[in-house]
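Asks: One structure is given below, represented as structure tokens, and several questions about it will come after.
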Amino acid sequence: MSSMPASTATEAPYRAINFADKLAQIHDQWQQRVVAEMNDYQFKVVKIEGDFIWHEHADTDETFIVLDGHLRIDFRDGAVHVGAGEMFVVPRGKEHKPYAQKEVQMLVIEPRGVRNTGEEQNERTAANDLWI
Ligand code: NI
């Protein structure tokens, strides 16, 4: 014989975050959407295509994890190519410019409140704290 648990308070909906599901909800490019937080860090999915702007983040490193496509991150003294299933950490204070010849779908990990264009503000500057 079975019975219901005495309390349902512990029946939290344990649900994995599925990147494909999240990306399917995104119909624009360059706007980062938060899918999770870990302490004061945010995990953000974004689709990009084309050229970003040169910028740097004075106070934090920035992690890129490519889910689909091929990302190139330019530096003043070189570039790194990051393919699907690969990641790269841009060091704090290092000037960089992401570039995607075709659309790239990726996960960006950085502290809450970081502006995507660093000290710059232009048409590529994304709103913060948009959750999906
Ligand atoms: Ni950056």
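In the structure tokens, each chain is lettered A, B, ... as it comes, each chain's residues begin at 1, and ligands are numbered from 1 in order of appearance.
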8 Å from ligand 1 is the threshold here; counting only C-alpha atoms and all ligand atoms, which polymer residues fall inside it? Answer as a list of chain:residue names.
Replies: A:His55, A:Glu56, A:His57, A:Glu62, A:Val90, A:His96, A:Lys97, A:Pro98, A:Asn116, A:Thr117, A:Gly118
Asks: Keeping only N, CA, C and O atoms, write those residues as a PDB file, in the first residue's frame.
Replies:
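result02.pdb, written as the output of this step:
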ATOM      1  N   HIS A  55      36.742  45.826 -26.904  1.00  0.00           N
ATOM      2  CA  HIS A  55      36.416  46.255 -25.538  1.00  0.00           C
ATOM      3  C   HIS A  55      37.221  45.402 -24.559  1.00  0.00           C
ATOM      4  O   HIS A  55      37.863  44.433 -24.948  1.00  0.00           O
ATOM      5  N   GLU A  56      37.151  45.778 -23.307  1.00  0.00           N
ATOM      6  CA  GLU A  56      37.796  44.992 -22.267  1.00  0.00           C
ATOM      7  C   GLU A  56      36.962  45.089 -20.999  1.00  0.00           C
ATOM      8  O   GLU A  56      36.101  45.972 -20.869  1.00  0.00           O
ATOM      9  N   HIS A  57      37.203  44.135 -20.104  1.00  0.00           N
ATOM     10  CA  HIS A  57      36.505  44.132 -18.817  1.00  0.00           C
ATOM     11  C   HIS A  57      37.563  44.283 -17.730  1.00  0.00           C
ATOM     12  O   HIS A  57      38.343  43.356 -17.474  1.00  0.00           O
ATOM     13  N   GLU A  62      36.263  36.632 -18.570  1.00  0.00           N
ATOM     14  CA  GLU A  62      35.005  36.352 -19.267  1.00  0.00           C
ATOM     15  C   GLU A  62      35.152  35.018 -19.982  1.00  0.00           C
ATOM     16  O   GLU A  62      36.096  34.830 -20.750  1.00  0.00           O
ATOM     17  N   VAL A  90      38.747  34.701 -21.493  1.00  0.00           N
ATOM     18  CA  VAL A  90      39.441  35.948 -21.791  1.00  0.00           C
ATOM     19  C   VAL A  90      39.873  36.574 -20.468  1.00  0.00           C
ATOM     20  O   VAL A  90      39.034  36.838 -19.598  1.00  0.00           O
ATOM     21  N   HIS A  96      39.579  42.640 -26.391  1.00  0.00           N
ATOM     22  CA  HIS A  96      39.153  41.544 -27.262  1.00  0.00           C
ATOM     23  C   HIS A  96      37.966  41.959 -28.121  1.00  0.00           C
ATOM     24  O   HIS A  96      37.259  42.912 -27.798  1.00  0.00           O
ATOM     25  N   LYS A  97      37.772  41.199 -29.202  1.00  0.00           N
ATOM     26  CA  LYS A  97      36.667  41.470 -30.121  1.00  0.00           C
ATOM     27  C   LYS A  97      36.161  40.150 -30.694  1.00  0.00           C
ATOM     28  O   LYS A  97      36.791  39.561 -31.566  1.00  0.00           O
ATOM     29  N   PRO A  98      35.009  39.659 -30.222  1.00  0.00           N
ATOM     30  CA  PRO A  98      34.438  38.441 -30.788  1.00  0.00           C
ATOM     31  C   PRO A  98      33.979  38.665 -32.237  1.00  0.00           C
ATOM     32  O   PRO A  98      33.547  39.762 -32.595  1.00  0.00           O
ATOM     33  N   ASN A 116      28.303  43.931 -21.618  1.00  0.00           N
ATOM     34  CA  ASN A 116      28.925  43.101 -22.661  1.00  0.00           C
ATOM     35  C   ASN A 116      29.932  43.877 -23.500  1.00  0.00           C
ATOM     36  O   ASN A 116      30.838  43.292 -24.077  1.00  0.00           O
ATOM     37  N   THR A 117      29.760  45.186 -23.587  1.00  0.00           N
ATOM     38  CA  THR A 117      30.689  45.983 -24.379  1.00  0.00           C
ATOM     39  C   THR A 117      31.717  46.705 -23.510  1.00  0.00           C
ATOM     40  O   THR A 117      32.352  47.670 -23.964  1.00  0.00           O
ATOM     41  N   GLY A 118      31.885  46.257 -22.289  1.00  0.00           N
ATOM     42  CA  GLY A 118      32.887  46.853 -21.408  1.00  0.00           C
ATOM     43  C   GLY A 118      32.572  48.307 -21.125  1.00  0.00           C
ATOM     44  O   GLY A 118      31.438  48.655 -20.797  1.00  0.00           O
TER      45      GLY A 118
END
Asks: From a DSSP pass on the backbone, collect the residues of chain A flagged as alpha helix (DSSP H) and hand them back as a list in words.
Replies: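 Across chain A, those assigned alpha helix (DSSP H) are Phe19, Ala20, Asp21, Lys22, Leu23 and Ala24 of chain A.
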Asks: Which of region 29-68 of chain A end up as strand (DSSP E) when DSSP is run on this backbone - answer as a ChimeraX atom specification?
Replies: /A:33-38,41-51,62-68
Asks: Neighbours of Thr60 (chain A) within 9 Å (only C-alpha atoms; same-chain residues fewer than 2 positions away dropped), as a PDB file with N, CA, C and O atoms, in the first residue's frame?
Replies:
ATOM      1  N   HIS A  57      37.203  44.135 -20.104  1.00  0.00           N
ATOM      2  CA  HIS A  57      36.505  44.132 -18.817  1.00  0.00           C
ATOM      3  C   HIS A  57      37.563  44.283 -17.730  1.00  0.00           C
ATOM      4  O   HIS A  57      38.343  43.356 -17.474  1.00  0.00           O
ATOM      5  N   ALA A  58      37.586  45.473 -17.133  1.00  0.00           N
ATOM      6  CA  ALA A  58      38.677  45.808 -16.217  1.00  0.00           C
ATOM      7  C   ALA A  58      38.664  44.956 -14.955  1.00  0.00           C
ATOM      8  O   ALA A  58      39.711  44.740 -14.343  1.00  0.00           O
ATOM      9  N   GLU A  62      36.263  36.632 -18.570  1.00  0.00           N
ATOM     10  CA  GLU A  62      35.005  36.352 -19.267  1.00  0.00           C
ATOM     11  C   GLU A  62      35.152  35.018 -19.982  1.00  0.00           C
ATOM     12  O   GLU A  62      36.096  34.830 -20.750  1.00  0.00           O
ATOM     13  N   VAL A  90      38.747  34.701 -21.493  1.00  0.00           N
ATOM     14  CA  VAL A  90      39.441  35.948 -21.791  1.00  0.00           C
ATOM     15  C   VAL A  90      39.873  36.574 -20.468  1.00  0.00           C
ATOM     16  O   VAL A  90      39.034  36.838 -19.598  1.00  0.00           O
ATOM     17  N   PRO A  91      41.180  36.819 -20.298  1.00  0.00           N
ATOM     18  CA  PRO A  91      41.636  37.369 -19.013  1.00  0.00           C
ATOM     19  C   PRO A  91      41.126  38.788 -18.784  1.00  0.00           C
ATOM     20  O   PRO A  91      40.938  39.558 -19.726  1.00  0.00           O
ATOM     21  N   ARG A  92      40.936  39.101 -17.555  1.00  0.00           N
ATOM     22  CA  ARG A  92      40.559  40.442 -17.144  1.00  0.00           C
ATOM     23  C   ARG A  92      41.503  41.489 -17.737  1.00  0.00           C
ATOM     24  O   ARG A  92      42.734  41.292 -17.758  1.00  0.00           O
ATOM     25  N   GLY A  93      40.922  42.567 -18.243  1.00  0.00           N
ATOM     26  CA  GLY A  93      41.734  43.663 -18.745  1.00  0.00           C
ATOM     27  C   GLY A  93      42.312  43.449 -20.139  1.00  0.00           C
ATOM     28  O   GLY A  93      43.006  44.325 -20.649  1.00  0.00           O
ATOM     29  N   GLU A 110      30.021  35.056 -16.664  1.00  0.00           N
ATOM     30  CA  GLU A 110      30.705  36.197 -16.042  1.00  0.00           C
ATOM     31  C   GLU A 110      29.861  36.692 -14.871  1.00  0.00           C
ATOM     32  O   GLU A 110      28.707  36.302 -14.731  1.00  0.00           O
ATOM     33  N   PRO A 111      30.429  37.561 -14.045  1.00  0.00           N
ATOM     34  CA  PRO A 111      29.672  38.017 -12.881  1.00  0.00           C
ATOM     35  C   PRO A 111      28.447  38.831 -13.297  1.00  0.00           C
ATOM     36  O   PRO A 111      28.450  39.489 -14.340  1.00  0.00           O
ATOM     37  N   VAL A 114      27.954  42.684 -15.495  1.00  0.00           N
ATOM     38  CA  VAL A 114      29.008  43.066 -16.431  1.00  0.00           C
ATOM     39  C   VAL A 114      28.377  43.536 -17.739  1.00  0.00           C
ATOM     40  O   VAL A 114      27.519  42.866 -18.292  1.00  0.00           O
TER      41      VAL A 114
END
Asks: Report the closest atom pair, with its distance in Å rounded to one decimal, for each residue of region 89-113 of chain A that has an atom no farther than 12 Å from region 19-27 of chain A; count only C-alpha atoms, sort by chain and then rising residue number, and write it as a tab-separated table.
Replies:
residue	atom	partner	partner_atom	distance
A:Glu103	CA	A:His27	CA	12.0
A:Val104	CA	A:Leu23	CA	11.0
A:Gln105	CA	A:Leu23	CA	7.7
A:Met106	CA	A:Leu23	CA	9.1
A:Leu107	CA	A:Phe19	CA	8.7
Asks: What's around Ala79 (chain A) at 12 Å? Count only C-alpha atoms, leave out sequence neighbours fewer than 3 positions away in its own chain, and write the answer as a list in words.
Replies: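 Near Ala79 (chain A), the qualifying residues are Leu71, Arg72, Ile73, Asp74, Phe75, Arg76, Val82, Phe88, Val90, Glu95, His96, Lys97, Pro98 and Tyr99 of chain A.
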Asks: I need the residues from that last selection saved to file as a compact mmCIF listing (two decimals), in the first residue's frame (with all heavy atoms), if you can.
Replies:
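Saved as again29.txt:
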# COMPACT_ATOMS: atom_id res chain seq x y z
N LEU A 71 33.48 30.40 -33.26
CA LEU A 71 33.75 31.75 -32.75
C LEU A 71 35.23 32.08 -32.91
O LEU A 71 36.09 31.24 -32.63
CB LEU A 71 33.37 31.82 -31.27
CG LEU A 71 33.70 33.13 -30.53
CD1 LEU A 71 32.80 34.26 -31.01
CD2 LEU A 71 33.55 32.93 -29.02
N ARG A 72 35.49 33.30 -33.36
CA ARG A 72 36.87 33.79 -33.34
C ARG A 72 36.91 34.96 -32.38
O ARG A 72 36.05 35.84 -32.44
CB ARG A 72 37.30 34.24 -34.74
CG ARG A 72 38.81 34.52 -34.86
CD ARG A 72 39.16 35.09 -36.22
NE ARG A 72 38.87 36.53 -36.27
CZ ARG A 72 38.57 37.19 -37.40
NH1 ARG A 72 38.53 36.57 -38.54
NH2 ARG A 72 38.31 38.49 -37.36
N ILE A 73 37.86 34.95 -31.49
CA ILE A 73 38.05 36.09 -30.59
C ILE A 73 39.37 36.74 -30.96
O ILE A 73 40.44 36.10 -30.84
CB ILE A 73 38.04 35.68 -29.11
CG1 ILE A 73 36.79 34.86 -28.77
CG2 ILE A 73 38.10 36.92 -28.22
CD1 ILE A 73 36.81 34.28 -27.36
N ASP A 74 39.28 37.98 -31.42
CA ASP A 74 40.49 38.70 -31.82
C ASP A 74 41.10 39.41 -30.62
O ASP A 74 40.37 39.94 -29.76
CB ASP A 74 40.16 39.75 -32.88
CG ASP A 74 39.74 39.12 -34.20
OD1 ASP A 74 40.17 37.97 -34.46
OD2 ASP A 74 38.99 39.76 -34.96
N PHE A 75 42.42 39.42 -30.59
CA PHE A 75 43.18 40.21 -29.63
C PHE A 75 44.10 41.12 -30.43
O PHE A 75 44.30 40.91 -31.63
CB PHE A 75 43.98 39.29 -28.69
CG PHE A 75 43.11 38.34 -27.92
CD1 PHE A 75 42.98 37.02 -28.34
CD2 PHE A 75 42.41 38.76 -26.81
CE1 PHE A 75 42.15 36.14 -27.65
CE2 PHE A 75 41.59 37.89 -26.11
CZ PHE A 75 41.46 36.58 -26.53
N ARG A 76 44.67 42.10 -29.80
CA ARG A 76 45.54 43.01 -30.53
C ARG A 76 46.78 42.30 -31.05
O ARG A 76 47.42 42.76 -32.00
CB ARG A 76 45.94 44.19 -29.62
CG ARG A 76 44.80 45.12 -29.25
CD ARG A 76 44.17 45.77 -30.47
NE ARG A 76 43.17 46.79 -30.06
CZ ARG A 76 42.43 47.48 -30.94
NH1 ARG A 76 42.54 47.25 -32.24
NH2 ARG A 76 41.55 48.37 -30.50
N VAL A 82 37.45 29.20 -31.45
CA VAL A 82 36.75 28.36 -30.48
C VAL A 82 35.59 27.68 -31.19
O VAL A 82 34.65 28.35 -31.64
CB VAL A 82 36.24 29.20 -29.29
CG1 VAL A 82 35.74 28.28 -28.18
CG2 VAL A 82 37.33 30.13 -28.76
N PHE A 88 36.87 29.18 -23.98
CA PHE A 88 38.05 30.02 -23.81
C PHE A 88 37.74 31.06 -22.74
O PHE A 88 36.63 31.59 -22.68
CB PHE A 88 38.43 30.72 -25.11
CG PHE A 88 39.75 31.44 -25.03
CD1 PHE A 88 40.94 30.77 -25.20
CD2 PHE A 88 39.79 32.80 -24.75
CE1 PHE A 88 42.16 31.42 -25.11
CE2 PHE A 88 41.01 33.47 -24.66
CZ PHE A 88 42.19 32.78 -24.83
N VAL A 90 38.75 34.70 -21.49
CA VAL A 90 39.44 35.95 -21.79
C VAL A 90 39.87 36.57 -20.47
O VAL A 90 39.03 36.84 -19.60
CB VAL A 90 38.53 36.93 -22.56
CG1 VAL A 90 39.23 38.27 -22.75
CG2 VAL A 90 38.12 36.33 -23.89
N GLU A 95 42.07 43.35 -24.00
CA GLU A 95 41.19 43.87 -25.04
C GLU A 95 40.85 42.75 -26.03
O GLU A 95 41.73 42.01 -26.47
CB GLU A 95 41.89 45.03 -25.76
CG GLU A 95 40.94 45.95 -26.48
CD GLU A 95 41.66 47.15 -27.09
OE1 GLU A 95 42.91 47.15 -27.17
OE2 GLU A 95 40.96 48.08 -27.49
N HIS A 96 39.58 42.64 -26.39
CA HIS A 96 39.15 41.54 -27.26
C HIS A 96 37.97 41.96 -28.12
O HIS A 96 37.26 42.91 -27.80
CB HIS A 96 38.81 40.29 -26.45
CG HIS A 96 37.71 40.49 -25.45
ND1 HIS A 96 37.90 41.16 -24.26
CD2 HIS A 96 36.41 40.12 -25.45
CE1 HIS A 96 36.76 41.17 -23.57
NE2 HIS A 96 35.84 40.56 -24.27
N LYS A 97 37.77 41.20 -29.20
CA LYS A 97 36.67 41.47 -30.12
C LYS A 97 36.16 40.15 -30.69
O LYS A 97 36.79 39.56 -31.57
CB LYS A 97 37.11 42.38 -31.26
CG LYS A 97 35.99 42.72 -32.25
CD LYS A 97 36.46 43.67 -33.33
CE LYS A 97 37.48 43.03 -34.24
NZ LYS A 97 36.90 41.88 -35.00
N PRO A 98 35.01 39.66 -30.22
CA PRO A 98 34.44 38.44 -30.79
C PRO A 98 33.98 38.67 -32.24
O PRO A 98 33.55 39.76 -32.60
CB PRO A 98 33.25 38.15 -29.88
CG PRO A 98 33.56 38.85 -28.60
CD PRO A 98 34.28 40.10 -29.03
N TYR A 99 34.07 37.60 -33.02
CA TYR A 99 33.64 37.66 -34.42
C TYR A 99 33.08 36.31 -34.82
O TYR A 99 33.65 35.26 -34.49
CB TYR A 99 34.83 38.01 -35.32
CG TYR A 99 34.52 37.87 -36.79
CD1 TYR A 99 33.74 38.82 -37.44
CD2 TYR A 99 34.98 36.77 -37.52
CE1 TYR A 99 33.43 38.68 -38.79
CE2 TYR A 99 34.68 36.64 -38.87
CZ TYR A 99 33.91 37.59 -39.50
OH TYR A 99 33.60 37.45 -40.83
Asks: Kindly give the distance, in Å, that separates CA of Gln101 (chain A) and CA of Gln121 (chain A), rounded to a single decimal.
Replies: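 According to the coordinates, CA of Gln101 (chain A) and CA of Gln121 (chain A) are separated by 22.7 Å.
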Asks: Under the rule that only C-alpha atoms are counted, which of A:Lys94, A:Ala100, A:Phe43, A:Glu11 is the nearest residue to Asp59 (chain A)?
Replies: A:Lys94
Asks: Rank nothing, just name the residue among A:Arg33, A:Arg124, A:Arg15, A:Lys102 nearest to Gly50 (chain A), using only C-alpha atoms.
Replies: A:Lys102
